[in-house]
file query.cif (mmCIF, C-alpha atoms)
data_structure
loop_
_atom_site.group_PDB
_atom_site.id
_atom_site.type_symbol
_atom_site.label_atom_id
_atom_site.label_comp_id
_atom_site.auth_asym_id
_atom_site.auth_seq_id
_atom_site.Cartn_x
_atom_site.Cartn_y
_atom_site.Cartn_z
ATOM 1 C CA MET A 9 -22.396 17.020 -12.652
ATOM 2 C CA GLN A 10 -22.214 20.078 -10.364
ATOM 3 C CA ASN A 11 -21.063 19.765 -6.781
ATOM 4 C CA PRO A 12 -23.966 19.550 -4.327
ATOM 5 C CA HIS A 13 -24.955 22.648 -2.374
ATOM 6 C CA PRO A 14 -22.658 23.074 0.690
ATOM 7 C CA GLU A 15 -25.582 22.587 3.081
ATOM 8 C CA VAL A 16 -26.465 19.292 1.419
ATOM 9 C CA GLN A 17 -22.819 18.225 1.447
ATOM 10 C CA GLN A 18 -22.597 18.864 5.197
ATOM 11 C CA LYS A 19 -25.644 16.681 5.830
ATOM 12 C CA SER A 20 -24.566 13.821 3.563
ATOM 13 C CA LEU A 21 -22.970 10.675 4.948
ATOM 14 C CA VAL A 22 -21.292 7.812 3.119
ATOM 15 C CA ALA A 23 -22.174 4.797 5.242
ATOM 16 C CA PRO A 24 -20.547 1.363 4.878
ATOM 17 C CA PRO A 25 -22.976 -1.499 4.178
ATOM 18 C CA PRO A 26 -23.779 -3.313 7.437
ATOM 19 C CA ILE A 27 -22.555 -6.917 7.370
ATOM 20 C CA ASP A 28 -23.650 -9.695 9.712
ATOM 21 C CA TRP A 29 -20.346 -11.327 10.694
ATOM 22 C CA ASP A 30 -22.156 -14.161 12.501
ATOM 23 C CA GLN A 31 -23.928 -15.090 9.272
ATOM 24 C CA LEU A 32 -20.589 -15.133 7.464
ATOM 25 C CA LYS A 33 -18.929 -17.207 10.190
ATOM 26 C CA SER A 34 -21.726 -19.798 10.091
ATOM 27 C CA ALA A 35 -20.952 -20.414 6.394
ATOM 28 C CA GLN A 36 -17.544 -21.795 7.427
ATOM 29 C CA GLN A 37 -18.988 -24.957 8.971
ATOM 30 C CA GLY A 38 -17.851 -28.075 7.115
ATOM 31 C CA VAL A 39 -15.881 -26.116 4.513
ATOM 32 C CA ARG A 40 -12.206 -26.854 3.817
ATOM 33 C CA ARG A 41 -9.961 -24.156 2.396
ATOM 34 C CA ASN A 42 -7.837 -24.744 -0.698
ATOM 35 C CA SER A 43 -5.147 -22.061 -0.914
ATOM 36 C CA HIS A 44 -5.037 -22.379 -4.721
ATOM 37 C CA THR A 45 -8.742 -21.661 -5.182
ATOM 38 C CA LEU A 46 -9.445 -18.132 -6.418
ATOM 39 C CA PHE A 47 -12.772 -16.454 -5.651
ATOM 40 C CA LEU A 48 -13.770 -14.165 -8.502
ATOM 41 C CA ASP A 49 -16.821 -11.942 -9.069
ATOM 42 C CA THR A 50 -17.164 -11.429 -12.831
ATOM 43 C CA ARG A 51 -19.869 -8.762 -12.575
ATOM 44 C CA ASP A 52 -18.476 -5.467 -13.928
ATOM 45 C CA ALA A 53 -15.060 -7.124 -14.131
ATOM 46 C CA ASP A 54 -12.411 -6.600 -16.807
ATOM 47 C CA VAL A 55 -12.740 -10.124 -18.237
ATOM 48 C CA PRO A 56 -10.068 -9.717 -20.974
ATOM 49 C CA LEU A 57 -7.597 -8.683 -18.252
ATOM 50 C CA LEU A 58 -8.507 -11.764 -16.215
ATOM 51 C CA ASN A 59 -8.122 -14.049 -19.230
ATOM 52 C CA SER A 60 -4.676 -12.624 -19.960
ATOM 53 C CA ALA A 61 -3.412 -12.824 -16.374
ATOM 54 C CA LEU A 62 -4.826 -16.277 -15.643
ATOM 55 C CA GLY A 63 -3.534 -17.531 -18.987
ATOM 56 C CA MET A 64 -0.055 -16.392 -17.951
ATOM 57 C CA LEU A 65 -0.365 -18.426 -14.758
ATOM 58 C CA GLN A 66 -1.355 -21.500 -16.751
ATOM 59 C CA ARG A 67 1.672 -21.085 -19.035
ATOM 60 C CA ARG A 68 3.844 -20.926 -15.906
ATOM 61 C CA ALA A 69 2.304 -24.267 -14.856
ATOM 62 C CA VAL A 70 0.730 -22.717 -11.758
ATOM 63 C CA LYS A 71 -2.115 -24.917 -10.546
ATOM 64 C CA PHE A 72 -5.308 -23.105 -9.530
ATOM 65 C CA GLN A 73 -9.062 -23.288 -9.810
ATOM 66 C CA LEU A 74 -11.761 -20.634 -9.801
ATOM 67 C CA VAL A 75 -15.024 -20.134 -8.000
ATOM 68 C CA THR A 76 -16.909 -17.488 -9.952
ATOM 69 C CA VAL A 77 -19.989 -15.414 -9.200
ATOM 70 C CA GLY A 78 -21.808 -13.698 -12.030
ATOM 71 C CA PRO A 79 -21.926 -14.208 -15.796
ATOM 72 C CA ALA A 80 -19.104 -16.262 -17.268
ATOM 73 C CA ASP A 81 -19.524 -14.696 -20.727
ATOM 74 C CA GLY A 82 -16.119 -14.100 -22.246
ATOM 75 C CA LEU A 83 -14.210 -15.926 -19.522
ATOM 76 C CA ASP A 84 -11.802 -18.404 -21.119
ATOM 77 C CA GLU A 85 -13.464 -21.826 -21.207
ATOM 78 C CA GLY A 86 -10.108 -23.460 -20.532
ATOM 79 C CA LEU A 87 -9.971 -22.008 -17.013
ATOM 80 C CA PRO A 88 -10.911 -24.628 -14.368
ATOM 81 C CA ARG A 89 -13.898 -23.292 -12.487
ATOM 82 C CA ARG A 90 -17.276 -23.726 -10.935
ATOM 83 C CA THR A 91 -19.921 -21.022 -10.711
ATOM 84 C CA VAL A 92 -22.050 -19.958 -7.766
ATOM 85 C CA ALA A 93 -25.380 -18.355 -8.646
ATOM 86 C CA GLU A 94 -25.711 -14.603 -8.138
ATOM 87 C CA SER A 95 -28.772 -15.252 -5.962
ATOM 88 C CA ASP A 96 -27.023 -17.845 -3.749
ATOM 89 C CA GLU A 97 -25.632 -15.640 -0.987
ATOM 90 C CA ALA A 98 -24.998 -18.568 1.356
ATOM 91 C CA GLY A 99 -23.101 -20.387 -1.397
ATOM 92 C CA GLN A 100 -20.998 -17.288 -2.054
ATOM 93 C CA MET A 101 -20.034 -17.015 1.604
ATOM 94 C CA GLN A 102 -19.128 -20.725 1.716
ATOM 95 C CA ALA A 103 -16.995 -20.224 -1.394
ATOM 96 C CA LEU A 104 -15.035 -17.490 0.391
ATOM 97 C CA TYR A 105 -14.014 -20.043 3.012
ATOM 98 C CA GLU A 106 -13.127 -22.546 0.275
ATOM 99 C CA ALA A 107 -10.877 -20.013 -1.447
ATOM 100 C CA GLY A 108 -7.388 -18.972 -0.473
ATOM 101 C CA VAL A 109 -7.426 -15.826 -2.597
ATOM 102 C CA HIS A 110 -10.039 -13.231 -3.523
ATOM 103 C CA VAL A 111 -9.360 -11.562 -6.882
ATOM 104 C CA SER A 112 -11.116 -8.460 -8.167
ATOM 105 C CA ALA A 113 -10.843 -7.001 -11.650
ATOM 106 C CA ARG A 114 -13.405 -4.264 -11.019
ATOM 107 C CA ARG A 115 -11.519 -1.042 -11.592
ATOM 108 C CA GLY A 116 -12.730 1.986 -9.659
ATOM 109 C CA ALA A 117 -15.400 0.069 -7.726
ATOM 110 C CA ALA A 118 -17.163 2.287 -5.177
ATOM 111 C CA SER A 119 -17.934 -0.725 -2.979
ATOM 112 C CA ASP A 120 -17.357 -4.481 -2.944
ATOM 113 C CA ILE A 121 -19.106 -6.589 -0.328
ATOM 114 C CA HIS A 122 -17.263 -9.697 -1.515
ATOM 115 C CA ALA A 123 -13.907 -8.049 -0.840
ATOM 116 C CA VAL A 124 -14.988 -7.110 2.686
ATOM 117 C CA ARG A 125 -16.320 -10.587 3.422
ATOM 118 C CA ALA A 126 -13.258 -12.221 1.836
ATOM 119 C CA LEU A 127 -10.909 -10.271 4.097
ATOM 120 C CA LYS A 128 -12.949 -11.250 7.158
ATOM 121 C CA ALA A 129 -13.021 -14.889 5.987
ATOM 122 C CA GLY A 130 -9.218 -15.003 5.741
ATOM 123 C CA CYS A 131 -8.643 -14.821 1.984
ATOM 124 C CA TRP A 132 -5.566 -13.125 0.596
ATOM 125 C CA PRO A 133 -6.730 -10.119 -1.458
ATOM 126 C CA ILE A 134 -5.504 -9.258 -4.966
ATOM 127 C CA LEU A 135 -7.262 -6.009 -5.865
ATOM 128 C CA PRO A 136 -6.995 -3.020 -8.230
ATOM 129 C CA ARG A 137 -5.197 0.059 -6.946
ATOM 130 C CA SER A 138 -8.329 2.177 -7.404
ATOM 131 C CA GLY A 139 -11.800 2.796 -6.046
ATOM 132 C CA VAL A 140 -12.562 1.480 -2.569
ATOM 133 C CA TYR A 141 -9.846 -1.161 -2.516
ATOM 134 C CA PRO A 142 -6.830 0.754 -1.139
ATOM 135 C CA GLU A 143 -8.811 1.848 1.915
ATOM 136 C CA LEU A 144 -9.907 -1.745 2.630
ATOM 137 C CA LEU A 145 -6.354 -3.042 2.944
ATOM 138 C CA PRO A 146 -3.807 -2.534 5.709
ATOM 139 C CA GLN A 147 -0.953 -0.367 4.386
ATOM 140 C CA ALA A 148 1.552 -3.216 4.733
ATOM 141 C CA LEU A 149 -0.287 -5.185 2.031
ATOM 142 C CA HIS A 150 -0.485 -2.408 -0.572
ATOM 143 C CA PRO A 151 2.835 -3.215 -2.344
ATOM 144 C CA PHE A 152 1.984 -6.917 -2.602
ATOM 145 C CA CYS A 153 -1.785 -7.093 -3.043
ATOM 146 C CA LEU A 154 -2.749 -4.039 -5.108
ATOM 147 C CA TYR A 155 -2.108 -3.858 -8.856
ATOM 148 C CA ASP A 156 -2.463 -1.407 -11.718
ATOM 149 C CA GLY A 157 -5.948 -2.202 -12.980
ATOM 150 C CA ALA A 158 -4.869 -2.406 -16.626
ATOM 151 C CA SER A 159 -1.736 -4.554 -16.273
ATOM 152 C CA ALA A 160 -2.155 -8.288 -16.861
ATOM 153 C CA ASP A 161 1.562 -8.837 -16.145
ATOM 154 C CA VAL A 162 1.357 -7.247 -12.711
ATOM 155 C CA LEU A 163 -1.886 -9.066 -11.871
ATOM 156 C CA ALA A 164 -0.337 -12.406 -12.881
ATOM 157 C CA ASN A 165 2.757 -11.672 -10.780
ATOM 158 C CA ARG A 166 0.658 -10.696 -7.752
ATOM 159 C CA LEU A 167 -1.264 -13.963 -8.066
ATOM 160 C CA HIS A 168 1.907 -15.991 -8.590
ATOM 161 C CA ASN A 169 3.529 -14.538 -5.473
ATOM 162 C CA VAL A 170 0.513 -14.535 -3.165
ATOM 163 C CA TRP A 171 0.973 -18.177 -2.157
ATOM 164 C CA MET A 172 4.421 -17.370 -0.755
ATOM 165 C CA MET A 173 3.237 -14.447 1.383
ATOM 166 C CA GLU A 174 3.213 -14.329 5.148
ATOM 167 C CA GLN A 175 1.058 -12.044 7.243
ATOM 168 C CA PRO A 176 3.001 -8.921 8.229
ATOM 169 C CA ARG A 177 3.254 -8.112 11.924
ATOM 170 C CA GLY A 178 0.166 -6.316 13.197
ATOM 171 C CA TYR A 179 -1.869 -7.262 10.112
ATOM 172 C CA GLU A 180 -4.821 -8.777 11.950
ATOM 173 C CA GLN A 181 -5.197 -5.865 14.358
ATOM 174 C CA GLU A 182 -5.086 -3.295 11.559
ATOM 175 C CA LEU A 183 -7.528 -5.313 9.457
ATOM 176 C CA ASP A 184 -9.935 -5.649 12.397
ATOM 177 C CA GLY A 185 -9.899 -1.863 12.752
ATOM 178 C CA ILE A 186 -10.672 -1.387 9.055
ATOM 179 C CA LEU A 187 -13.471 -3.953 9.019
ATOM 180 C CA SER A 188 -15.051 -2.870 12.301
ATOM 181 C CA LYS A 189 -16.991 -0.083 10.552
ATOM 182 C CA PHE A 190 -18.838 -2.763 8.534
ATOM 183 C CA ASP A 191 -20.077 -4.581 11.642
ATOM 184 C CA ALA A 192 -23.869 -4.579 11.416
ATOM 185 C CA LEU A 193 -24.423 -3.149 14.926
ATOM 186 C CA GLN A 194 -21.832 -0.413 14.537
ATOM 187 C CA ALA A 195 -22.875 0.544 10.989
ATOM 188 C CA CYS A 196 -26.579 0.694 11.889
ATOM 189 C CA ARG A 197 -25.823 2.678 15.060
ATOM 190 C CA MET A 198 -23.860 5.195 12.990
ATOM 191 C CA MET A 199 -26.812 5.593 10.601
ATOM 192 C CA ASP A 200 -29.251 6.021 13.521
ATOM 193 C CA ASP A 201 -27.009 8.615 15.181
ATOM 194 C CA ARG A 202 -26.714 10.535 11.936
ATOM 195 C CA LEU A 203 -30.478 10.538 11.386
ATOM 196 C CA ALA A 204 -31.041 11.698 14.962
ATOM 197 C CA ALA A 205 -28.542 14.523 14.478
ATOM 198 C CA LEU A 206 -30.262 15.648 11.276
ATOM 199 C CA VAL A 207 -33.682 15.662 12.939
ATOM 200 C CA HIS A 208 -32.404 17.812 15.800
#

call {"tool": "encode", "arguments": {"input": "query.cif", "output": "structure tokens"}}
result
Amino acid sequence: MQNPHPEVQQKSLVAPPPIDWDQLKSAQQGVRRNSHTLFLDTRDADVPLLNSALGMLQRRAVKFQLVTVGPADGLDEGLPRRTVAESDEAGQMQALYEAGVHVSARRGAASDIHAVRALKAGCWPILPRSGVYPELLPQALHPFCLYDGASADVLANRLHNVWMMEQPRGYEQELDGILSKFDALQACRMMDDRLAALVH
């Protein structure tokens, strides 16, 4: 595909999806977190990689359970899990507060609303070192929470070690700065300002 005309490129804007943080926060009511619950979106995920990495954890006698969103086709039936329907947005947000860890196996993803919500909800992230994920994480977490998207060994090790992690100093402030651009008011205001600038 050819690069867009320079004039079009100057007018284009990649805008983050606006997220209603109040709606997310309301899903927390009555939900108890289990640090060994993994939230996993199987849509467009590398399921063989997940099977390999999670199988390694089982062989190490690591106790965990999954909450999955999306089709479970190909996911090892021996993995303890429950599934939330793709259409159940409220259930997905509740599951993020149930989970201690959000895992993605979507290599090169251009966006991931679950990852953004999971970070805001307080989940530890284990994400591929590609696509949108590196820019969603504070730099201090990159060595511990990002993995080579094709390495089951590294993914299993990241998951094994995540329960021993502590928040680095300044983590919350840096994360708030990263996530602020997704705030519904700020994101919509940015879109409005851009449209106004294009009209004038």

call {"tool": "resolve_selection", "arguments": {"input": "query.cif", "expression": "the PyMOL selection byres ((chain A and resi 63) around 12)", "output": "number ranges by chain"}}
result
A: 55-62, 64-72, 83-88, 160-161, 163-165, 167-168

call {"tool": "closest_atom_pairs", "arguments": {"input": "query.cif", "of": "stretch 70-183 of chain A", "to": "stretch 44-49 of chain A", "cutoff": "12 Å", "atoms": "all atoms listed in the file", "output": "Markdown table"}}
result
| residue | atom | partner | partner_atom | distance |
| --- | --- | --- | --- | --- |
| A:Val70 | CA | A:His44 | CA | 9.1 |
| A:Lys71 | CA | A:His44 | CA | 7.0 |
| A:Phe72 | CA | A:His44 | CA | 4.9 |
| A:Gln73 | CA | A:Thr45 | CA | 4.9 |
| A:Leu74 | CA | A:Leu46 | CA | 4.8 |
| A:Val75 | CA | A:Phe47 | CA | 4.9 |
| A:Thr76 | CA | A:Leu48 | CA | 4.8 |
| A:Val77 | CA | A:Asp49 | CA | 4.7 |
| A:Gly78 | CA | A:Asp49 | CA | 6.1 |
| A:Pro79 | CA | A:Asp49 | CA | 8.7 |
| A:Ala80 | CA | A:Asp49 | CA | 9.5 |
| A:Leu83 | CA | A:Leu48 | CA | 11.2 |
| A:Leu87 | CA | A:Leu46 | CA | 11.3 |
| A:Pro88 | CA | A:Thr45 | CA | 9.9 |
| A:Arg89 | CA | A:Thr45 | CA | 9.1 |
| A:Arg90 | CA | A:Phe47 | CA | 10.1 |
| A:Thr91 | CA | A:Leu48 | CA | 9.5 |
| A:Val92 | CA | A:Asp49 | CA | 9.7 |
| A:Ala93 | CA | A:Asp49 | CA | 10.7 |
| A:Glu94 | CA | A:Asp49 | CA | 9.3 |
| A:Gly99 | CA | A:Phe47 | CA | 11.8 |
| A:Gln100 | CA | A:Phe47 | CA | 9.0 |
| A:Met101 | CA | A:Phe47 | CA | 10.3 |
| A:Gln102 | CA | A:Phe47 | CA | 10.6 |
| A:Ala103 | CA | A:Phe47 | CA | 7.1 |
| A:Leu104 | CA | A:Phe47 | CA | 6.5 |
| A:Tyr105 | CA | A:Phe47 | CA | 9.5 |
| A:Glu106 | CA | A:Thr45 | CA | 7.1 |
| A:Ala107 | CA | A:Thr45 | CA | 4.6 |
| A:Gly108 | CA | A:Thr45 | CA | 5.6 |
| A:Val109 | CA | A:Leu46 | CA | 4.9 |
| A:His110 | CA | A:Phe47 | CA | 4.7 |
| A:Val111 | CA | A:Leu48 | CA | 5.4 |
| A:Ser112 | CA | A:Leu48 | CA | 6.3 |
| A:Ala113 | CA | A:Asp49 | CA | 8.2 |
| A:Arg114 | CA | A:Asp49 | CA | 8.6 |
| A:Asp120 | CA | A:Asp49 | CA | 9.7 |
| A:Ile121 | CA | A:Asp49 | CA | 10.5 |
| A:His122 | CA | A:Asp49 | CA | 7.9 |
| A:Ala123 | CA | A:Asp49 | CA | 9.6 |
| A:Arg125 | CA | A:Phe47 | CA | 11.4 |
| A:Ala126 | CA | A:Phe47 | CA | 8.6 |
| A:Leu127 | CA | A:Phe47 | CA | 11.7 |
| A:Ala129 | CA | A:Phe47 | CA | 11.7 |
| A:Cys131 | CA | A:Phe47 | CA | 8.8 |
| A:Trp132 | CA | A:Leu46 | CA | 9.5 |
| A:Pro133 | CA | A:Phe47 | CA | 9.7 |
| A:Ile134 | CA | A:Leu46 | CA | 9.8 |
| A:Leu135 | CA | A:Leu48 | CA | 10.8 |
| A:Leu167 | CA | A:Leu46 | CA | 9.3 |
| A:His168 | CA | A:His44 | CA | 10.2 |
| A:Asn169 | CA | A:His44 | CA | 11.6 |
| A:Val170 | CA | A:His44 | CA | 9.7 |
| A:Trp171 | CA | A:His44 | CA | 7.8 |
| A:Met172 | CA | A:His44 | CA | 11.4 |

call {"tool": "axis_aligned_box", "arguments": {"input": "query.cif", "around": "stretch 142-149 of chain A", "padding_each_side": "8 Å", "output": "JSON"}}
result
{"center_x": -4.2, "center_y": -1.7, "center_z": 2.3, "size_x": 27.5, "size_y": 23.0, "size_z": 22.8}

call {"tool": "residues_around", "arguments": {"input": "query.cif", "residues": "A:Ala148", "least_positions_apart": "6", "cutoff": "12 Å", "atoms": "only C-alpha atoms", "output": "NGL selection string"}}
result
:A and (142 or 154 or 173-180 or 182-183)

call {"tool": "closest_residue", "arguments": {"input": "query.cif", "among": "A:Arg166, A:Gly139, A:Lys33, A:Val124", "to": "A:Leu187", "atoms": "all atoms listed in the file"}}
result
A:Val124

call {"tool": "atom_distance", "arguments": {"input": "query.cif", "atom1": "atom CA of A:Ala117", "atom2": "atom CA of A:Ser43"}}
result
25.3 Å

call {"tool": "atom_distance", "arguments": {"input": "query.cif", "atom1": "atom CA of A:Ile27", "atom2": "atom CA of A:Leu144"}}
result
14.5 Å

call {"tool": "atom_distance", "arguments": {"input": "query.cif", "atom1": "atom CA of A:Arg40", "atom2": "atom CA of A:Cys153"}}
result
23.4 Å
